[in-house]
Every structure is written in structure tokens, then in C-alpha cells.
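Quick look at final38.cif (mmCIF, C-alpha atoms and all ligand atoms):
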```cif
data_query
#
loop_
_atom_site.label_atom_id
_atom_site.label_comp_id
_atom_site.auth_asym_id
_atom_site.auth_seq_id
_atom_site.Cartn_x
_atom_site.Cartn_y
_atom_site.Cartn_z
CA MET A 106 -23.84 -39.04 -1.13
CA GLU A 107 -26.77 -37.03 0.17
CA ILE A 108 -26.19 -35.42 3.56
CA ASP A 109 -28.58 -33.78 6.01
CA PRO A 110 -26.28 -31.50 8.03
CA ARG A 111 -28.90 -31.04 10.73
CA GLY A 112 -28.30 -34.60 11.86
CA LEU A 113 -24.51 -34.38 11.60
CA ALA A 114 -22.14 -33.83 14.55
CA ALA A 115 -20.52 -30.39 14.59
CA ASP A 116 -16.99 -31.76 14.02
CA LEU A 117 -18.15 -33.62 10.91
CA CYS A 118 -19.92 -30.49 9.62
CA ASN A 119 -16.63 -28.65 10.10
CA ARG A 120 -14.61 -31.37 8.33
CA LEU A 121 -17.02 -31.32 5.40
CA ILE A 122 -17.17 -27.56 5.07
CA ILE A 123 -13.40 -27.00 5.28
CA GLY A 124 -12.95 -29.54 2.51
CA CYS A 125 -15.59 -27.96 0.26
CA VAL A 126 -15.24 -24.22 0.85
CA VAL A 127 -11.71 -23.86 -0.52
CA PRO A 128 -9.40 -22.10 -0.61
CA ARG A 129 -10.24 -19.79 2.25
CA PRO A 130 -8.27 -16.57 2.76
CA ILE A 131 -6.65 -16.32 6.17
CA ALA A 132 -7.08 -13.40 8.54
CA VAL A 133 -4.22 -13.34 11.00
CA VAL A 134 -6.07 -11.43 13.70
CA SER A 135 -4.03 -9.48 16.22
CA THR A 136 -5.63 -8.05 19.34
CA VAL A 137 -4.69 -6.75 22.76
CA SER A 138 -6.32 -7.55 26.08
CA VAL A 139 -7.68 -4.87 28.41
CA ASP A 140 -4.52 -5.19 30.47
CA GLY A 141 -2.27 -4.76 27.45
CA MET A 142 -1.24 -8.32 26.52
CA PRO A 143 -0.95 -8.74 22.72
CA ASN A 144 -2.44 -11.80 21.02
CA VAL A 145 -2.50 -13.19 17.49
CA ALA A 146 -4.36 -16.12 15.87
CA PRO A 147 -5.41 -17.19 12.36
CA PHE A 148 -9.03 -17.38 11.17
CA SER A 149 -10.03 -18.80 7.79
CA TYR A 150 -13.76 -18.40 8.24
CA PHE A 151 -12.99 -14.93 6.90
CA THR A 152 -14.35 -12.55 4.28
CA VAL A 153 -15.22 -8.96 3.33
CA ALA A 154 -18.50 -7.93 4.99
CA SER A 155 -18.95 -4.62 3.14
CA HIS A 156 -16.93 -2.19 1.06
CA SER A 157 -18.97 0.78 2.28
CA PRO A 158 -18.15 1.24 5.06
CA LEU A 159 -15.15 -1.00 4.48
CA SER A 160 -15.73 -3.90 6.88
CA LEU A 161 -14.20 -7.33 7.43
CA ALA A 162 -15.75 -10.39 9.07
CA PHE A 163 -14.39 -13.54 10.65
CA THR A 164 -15.98 -16.29 12.69
CA VAL A 165 -14.78 -17.60 16.01
CA GLY A 166 -16.02 -21.15 16.50
CA GLY A 167 -15.66 -23.35 19.55
CA THR A 168 -13.72 -22.51 22.68
CA LYS A 169 -10.29 -23.13 24.14
CA SER A 170 -9.69 -26.61 25.61
CA ASP A 171 -10.59 -25.34 29.11
CA GLY A 172 -14.01 -24.23 27.80
CA THR A 173 -13.30 -20.48 27.96
CA ASP A 174 -13.69 -18.12 25.01
CA LYS A 175 -10.85 -17.83 22.53
CA ASP A 176 -8.62 -14.86 23.38
CA THR A 177 -9.32 -13.15 20.05
CA LEU A 178 -13.06 -13.04 20.80
CA ARG A 179 -12.44 -11.95 24.36
CA ASN A 180 -10.29 -9.03 23.18
CA ALA A 181 -12.37 -8.00 20.13
CA ARG A 182 -15.56 -7.76 22.20
CA PHE A 183 -17.03 -4.33 22.93
CA ALA A 184 -15.62 -2.57 26.00
CA GLU A 185 -18.93 -2.96 27.86
CA ASP A 186 -18.58 -6.73 27.42
CA GLY A 187 -15.03 -6.81 28.80
CA GLY A 188 -13.07 -6.47 25.56
CA VAL A 189 -11.18 -3.71 23.80
CA GLY A 190 -13.49 -3.52 20.75
CA GLU A 191 -10.65 -3.47 18.23
CA PHE A 192 -8.58 -5.88 16.16
CA VAL A 193 -6.18 -5.95 13.23
CA VAL A 194 -6.58 -8.29 10.25
CA ASN A 195 -3.17 -9.12 8.79
CA VAL A 196 -3.18 -10.88 5.41
CA ALA A 197 -1.42 -14.27 5.62
CA ASP A 198 1.33 -14.67 3.04
CA GLU A 199 4.07 -17.13 2.07
CA THR A 200 6.81 -15.26 3.94
CA TYR A 201 5.38 -16.09 7.38
CA ALA A 202 3.22 -19.19 6.74
CA ALA A 203 4.95 -21.38 9.37
CA GLU A 204 4.76 -18.66 12.01
CA MET A 205 1.10 -18.00 11.13
CA ALA A 206 0.25 -21.70 11.61
CA ARG A 207 2.03 -21.71 14.98
CA THR A 208 -0.22 -18.87 16.19
CA GLY A 209 -3.16 -21.29 15.79
CA GLU A 210 -1.93 -23.38 18.72
CA SER A 211 -3.92 -22.82 21.88
CA HIS A 212 -2.37 -21.13 24.90
CA PRO A 213 -3.74 -19.94 28.23
CA PHE A 214 -5.05 -16.36 28.29
CA GLY A 215 -2.08 -14.04 28.83
CA VAL A 216 0.51 -16.06 26.87
CA SER A 217 1.66 -14.00 23.87
CA GLU A 218 1.41 -15.96 20.64
CA PHE A 219 3.60 -13.30 19.03
CA LEU A 220 6.48 -14.50 21.16
CA HIS A 221 5.65 -18.18 20.81
CA ALA A 222 5.35 -17.99 17.01
CA GLY A 223 8.32 -15.72 16.43
CA LEU A 224 6.28 -12.83 15.02
CA THR A 225 6.92 -9.16 15.65
CA PRO A 226 4.23 -6.92 17.13
CA ALA A 227 4.38 -3.57 15.30
CA PRO A 228 2.51 -0.46 16.41
CA SER A 229 -0.83 0.31 14.77
CA LEU A 230 -1.76 3.86 13.86
CA VAL A 231 -5.37 4.11 15.06
CA VAL A 232 -6.18 1.07 17.23
CA LYS A 233 -4.44 -0.19 20.36
CA ALA A 234 -3.96 -3.74 19.05
CA PRO A 235 -0.56 -4.25 17.41
CA ARG A 236 -0.27 -5.39 13.80
CA VAL A 237 1.99 -8.20 12.62
CA GLY A 238 5.28 -6.65 11.50
CA GLU A 239 5.92 -9.47 9.00
CA ALA A 240 2.62 -8.87 7.12
CA SER A 241 2.61 -6.79 3.92
CA VAL A 242 -1.02 -5.77 4.39
CA SER A 243 -2.80 -5.02 7.68
CA PHE A 244 -6.29 -3.65 8.28
CA GLU A 245 -6.90 -1.88 11.59
CA CYS A 246 -10.54 -2.47 12.60
CA ARG A 247 -13.04 -1.33 15.21
CA THR A 248 -15.60 -3.97 16.14
CA THR A 249 -19.07 -3.04 14.91
CA HIS A 250 -21.04 -6.29 15.31
CA ILE A 251 -20.69 -9.59 17.13
CA ILE A 252 -23.41 -11.83 15.82
CA PRO A 253 -24.14 -15.22 17.41
CA VAL A 254 -24.58 -17.91 14.76
CA GLY A 255 -25.42 -21.01 16.76
CA THR A 256 -22.37 -21.73 18.91
CA ALA A 257 -20.11 -19.50 16.78
CA ARG A 258 -19.63 -15.74 16.85
CA LEU A 259 -19.37 -13.72 13.64
CA VAL A 260 -17.16 -10.72 14.38
CA ILE A 261 -17.45 -7.73 12.03
CA GLY A 262 -15.25 -4.68 12.19
CA GLU A 263 -15.01 -1.43 10.28
CA VAL A 264 -11.59 -0.80 8.77
CA VAL A 265 -10.22 2.45 10.20
CA HIS A 266 -6.71 2.28 8.77
CA ILE A 267 -4.86 0.24 6.13
CA HIS A 268 -1.14 -0.53 5.92
CA VAL A 269 0.09 -1.73 2.51
CA ARG A 270 3.78 -2.04 1.70
CA ASP A 271 4.57 0.50 -1.01
CA HIS A 272 6.01 -1.97 -3.54
CA LEU A 273 2.72 -3.94 -3.65
CA ILE A 274 0.37 -1.20 -4.75
CA ASP A 275 0.23 1.29 -7.62
CA GLU A 276 -1.27 4.78 -7.75
CA ARG A 277 -4.63 3.33 -8.93
CA PHE A 278 -4.84 1.05 -5.87
CA ARG A 279 -4.13 -2.11 -7.89
CA VAL A 280 -2.36 -4.66 -5.72
CA ASP A 281 0.35 -6.88 -7.24
CA ALA A 282 -0.85 -10.39 -6.37
CA ASP A 283 2.54 -12.02 -7.05
CA LYS A 284 4.30 -9.67 -4.68
CA LEU A 285 1.60 -10.06 -2.04
CA ALA A 286 1.91 -13.89 -2.28
CA ALA A 287 -1.17 -14.42 -0.12
CA ILE A 288 -1.93 -17.96 0.97
CA GLY A 289 -5.23 -19.77 1.45
CA ARG A 290 -6.35 -22.59 3.71
CA MET A 291 -7.54 -25.96 2.53
CA ALA A 292 -8.46 -28.78 4.95
CA GLY A 293 -6.05 -30.16 7.56
CA ASN A 294 -2.52 -28.78 7.26
CA ASP A 295 -2.87 -27.93 3.57
CA TYR A 296 -2.46 -24.43 2.16
CA VAL A 297 -2.42 -22.95 -1.34
CA ARG A 298 -0.41 -20.21 -2.99
CA THR A 299 -2.17 -17.57 -5.09
CA ARG A 300 0.42 -17.34 -7.84
CA ASP A 301 -1.18 -19.91 -10.20
CA ARG A 302 -3.99 -17.87 -11.72
CA PHE A 303 -5.93 -17.80 -14.99
CA GLU A 304 -7.99 -15.15 -16.71
CA VAL A 305 -11.64 -15.46 -17.72
CA LYS A 306 -12.52 -12.76 -20.25
CA THR A 307 -16.05 -11.34 -20.16
CA ALA A 308 -17.76 -8.85 -22.44
CA GLY A 309 -16.44 -5.33 -21.90
CA ARG A 310 -13.52 -6.36 -19.67
C1 LIG A 401 -4.99 -21.52 9.26
C2 LIG A 401 -5.92 -21.61 10.43
C3 LIG A 401 -7.21 -21.12 10.31
C4 LIG A 401 -8.09 -21.16 11.41
N1 LIG A 401 -9.35 -20.66 11.27
C5 LIG A 401 -10.18 -20.60 12.34
C6 LIG A 401 -11.48 -20.01 12.21
O1 LIG A 401 -11.90 -19.54 11.15
N2 LIG A 401 -12.26 -19.94 13.33
C7 LIG A 401 -11.81 -20.42 14.55
O2 LIG A 401 -12.55 -20.31 15.54
N3 LIG A 401 -10.59 -20.97 14.69
C8 LIG A 401 -9.77 -21.06 13.62
N4 LIG A 401 -8.52 -21.61 13.75
C9 LIG A 401 -8.08 -22.04 15.09
C10 LIG A 401 -7.66 -20.84 15.94
O3 LIG A 401 -6.63 -20.09 15.30
C11 LIG A 401 -7.18 -21.35 17.29
O4 LIG A 401 -8.31 -21.84 18.00
C12 LIG A 401 -6.43 -20.34 18.12
O5 LIG A 401 -5.79 -21.00 19.18
C13 LIG A 401 -7.30 -19.26 18.70
O6 LIG A 401 -6.42 -18.43 19.42
P1 LIG A 401 -6.88 -17.36 20.50
O7 LIG A 401 -7.40 -18.10 21.72
O8 LIG A 401 -5.61 -16.62 20.76
O9 LIG A 401 -7.93 -16.50 19.88
C14 LIG A 401 -7.64 -21.67 12.66
C15 LIG A 401 -6.34 -22.18 12.77
C16 LIG A 401 -5.50 -22.15 11.67
C17 LIG A 401 -4.09 -22.68 11.81
#
```
Any chance you could put this one into C-alpha cells?
Ligand SMILES: Cc1cc2nc3c(=O)[nH]c(=O)nc-3n(C[C@H](O)[C@H](O)[C@H](O)COP(=O)(O)O)c2cc1C
Amino acid sequence: MEIDPRGLAADLCNRLIIGCVVPRPIAVVSTVSVDGMPNVAPFSYFTVASHSPLSLAFTVGGTKSDGTDKDTLRNARFAEDGGVGEFVVNVADETYAAEMARTGESHPFGVSEFLHAGLTPAPSLVVKAPRVGEASVSFECRTTHIIPVGTARLVIGEVVHIHVRDHLIDERFRVDADKLAAIGRMAGNDYVRTRDRFEVKTAGR
């Protein structure tokens, strides 16, 4: 099949891309509103933007059913645009997959998805937004860019603090992938584990 995406409806573009770009890592993004209400939601349009300065990126697409901006975007925006300008990326893992998925359900602004999903807000060290207590790895970020890409918004933040559970990491900063047990998103309700791996040897490595 040959497809011209420029003539394709946005929902079909999304269906196609989430089936082809797989598996996607999942950022469980926790934020806080200007009046102090914590929020958490998953984003699988997610990657590393730079390792110097260490920066993470995720994309907020679409809006809530009432047409307003998703709470994560609202909170991660710069202060001059009505947000807090901070967020935490928590790495999704097997231990809280069901709770993570529940945080993807839409709620009116001001309803805490932490409570709804059964996740624990834990204090961050540098930013105001809480991290997810169940996560083994959390990156505290300050928003540096919000880039419009058509109807979506690419949010980039510089990592200002990292929490990694001690048993996952050695003194050379190597992370034990089996212990981390990160999960990835496929299409629909499908997810993958990251424990089935294989090695590809290259010259010198
Ligand atoms: C695993 C998973 C990944 C998701 N990835 C994205 C994404 O990359 N971008 C997006 O806009 N919404 C994504 N969603 C949907 C949002 O999480 C959902 O719209 C959520 O209600 C937004 O919450 P908020 O209003 O609290 O920000 C995803 C949902 C799930 C379950």
C-alpha cells in the first residue's frame, strides 16, 4: 500500500504511526498546577532530546473532550503562559502498568489522577511537581521549549535532578534493565516488556 499522509485524516495518521513506531517508551509525566493540584498522565510520543544538557521531550497531541488543553501541557507551560514550567518524567515499568494506564483516562482540570489511579505522589527535590512514588526512575525537569508542531505541542525540558533506586544502578552508571523492567507502548491496549533482548556484536564492542 502506498499512502500519502497529507491526504489522511489525523486519527488515521495516529493509528498508522502508533502501529509502526513501536515499541515506544512511556513517560509518566507528573506536574502540579499553579494552585497546587498534582496531575499525572502517560505520554508515549517520548524520547531523549539531548544528553548535553540532559533534556527529555514528549508530545502533547489533541485536547481534552471539552476542547481545553490537556492538564499536563497547561501545567508544564512557562509561568508567563499560565503554567508552572516544570514536570517530572517517571519511567513506566511493569510494577505499576495498570495504574499508569489508568492515568491516561481524561478528567476535568483539578481532579487528581494520582488518587484516581492509586499512585503515590512523592516529593521531588528540585521542582514543585511531585514524582510518582512507585517509579524506580524519575527525572525532574524544567521546561525549556514548547514547540508547536501542527496541532501538537512538543514539550522539552532540561533534567535538573534524577532519582534512581540504588539496586538498579552500579558505580559506573550502568542500569540493570531486568530490574528496571521498563515497558513500552504498542498500538491500542498493547504493551511490551523489555526483558527479551538480544545482542548484536559490532567491531570493537
Ligand atoms: C500509554 C499511553 C500513552 C499515551 N501517549 C500520549 C502521547 O504521547 N501524547 C498525548 O497527547 N496523549 C497520550 N496519551 C493520552 C493521554 O495520557 C491522555 O490524553 C491523558 O488524559 C492526558 O491527561 P492530562 O489532561 O492530565 O494531561 C497516552 C495514553 C496512554 C495510556
### Query
Residues within 9 Å of ligand LIG 401 (chain A) (only C-alpha atoms and all ligand atoms), as number ranges by chain?
A: 129-136, 144-151, 163-169, 173-180, 197, 202, 205-214, 216-218, 257-258, 289-291, 293-296
### Task
Enter the distance from atom CA of A:Ser243 to atom CA of A:Phe183, in Å, rounded to one decimal.
20.9 Å
### Query
What does the distance from atom CA of A:Glu204 to atom CA of A:Ala184 come to in Å, to one decimal?
29.5 Å
## Note on the structure
As a check of understanding: the span from atom CA of A:Leu259 to atom CA of A:Val231 is 22.7 Å
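Of the listed residues (A:Ile267, A:Leu220, A:Cys246, A:Ile251), A:Cys246 comes nearest to A:Phe192; the distances count only C-alpha atoms.
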Residue contacts of A:His272 (12 Å, only C-alpha atoms) excluding same-chain residues fewer than 4 positions away, as a PDB file with C-alpha atoms, in the coordinates of the input:
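And here's part05.pdb as it stands now:
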```pdb
ATOM      1  CA  SER A 241       2.610  -6.790   3.920  1.00  0.00           C
ATOM      2  CA  VAL A 242      -1.020  -5.770   4.390  1.00  0.00           C
ATOM      3  CA  HIS A 268      -1.140  -0.530   5.920  1.00  0.00           C
ATOM      4  CA  GLU A 276      -1.270   4.780  -7.750  1.00  0.00           C
ATOM      5  CA  PHE A 278      -4.840   1.050  -5.870  1.00  0.00           C
ATOM      6  CA  ARG A 279      -4.130  -2.110  -7.890  1.00  0.00           C
ATOM      7  CA  VAL A 280      -2.360  -4.660  -5.720  1.00  0.00           C
ATOM      8  CA  ASP A 281       0.350  -6.880  -7.240  1.00  0.00           C
ATOM      9  CA  ALA A 282      -0.850 -10.390  -6.370  1.00  0.00           C
ATOM     10  CA  ASP A 283       2.540 -12.020  -7.050  1.00  0.00           C
ATOM     11  CA  LYS A 284       4.300  -9.670  -4.680  1.00  0.00           C
ATOM     12  CA  LEU A 285       1.600 -10.060  -2.040  1.00  0.00           C
TER      13      LEU A 285
END
```
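Using all atoms listed in the file, the nearest neighbour of A:Phe244 within the list A:Asp271, A:Glu185, A:Glu191, A:Asp198 is A:Glu191.
Minimum atom-to-atom distances from A:Arg247, A:Asp116, A:Leu230, A:Val139 to A:Ile261 were compared using all atoms listed in the file, and the lowest value belongs to A:Arg247.
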#### Entry: Point (-6.3, -3.6, 24.0) neighbourhood (6 Å, all atoms listed in the file) written as number ranges by chain
A: 137-139, 141, 189, 233-234
### Summary
Residue with the minimum atom-to-atom distance to A:Arg236, picked from A:Leu121, A:Met106, A:Leu113, A:Val196 with only C-alpha atoms counted, is A:Val196
### Query
Any idea what's packed within 8 Å of A:Glu239, counting only C-alpha atoms, ignoring anything in its chain fewer than 6 positions away? Could you give it as a ChimeraX atom specification?
/A:200-201,224-225
### Query
Which residue, A:Pro228, A:Pro128, A:Gly188, A:Gly172, has the smallest gap to A:Thr152 when you use all atoms listed in the file?
A:Pro128
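Closest to A:Val269 among A:His221, A:Asn195, A:Ser155, A:Val254 is A:Asn195, based on all atoms listed in the file.
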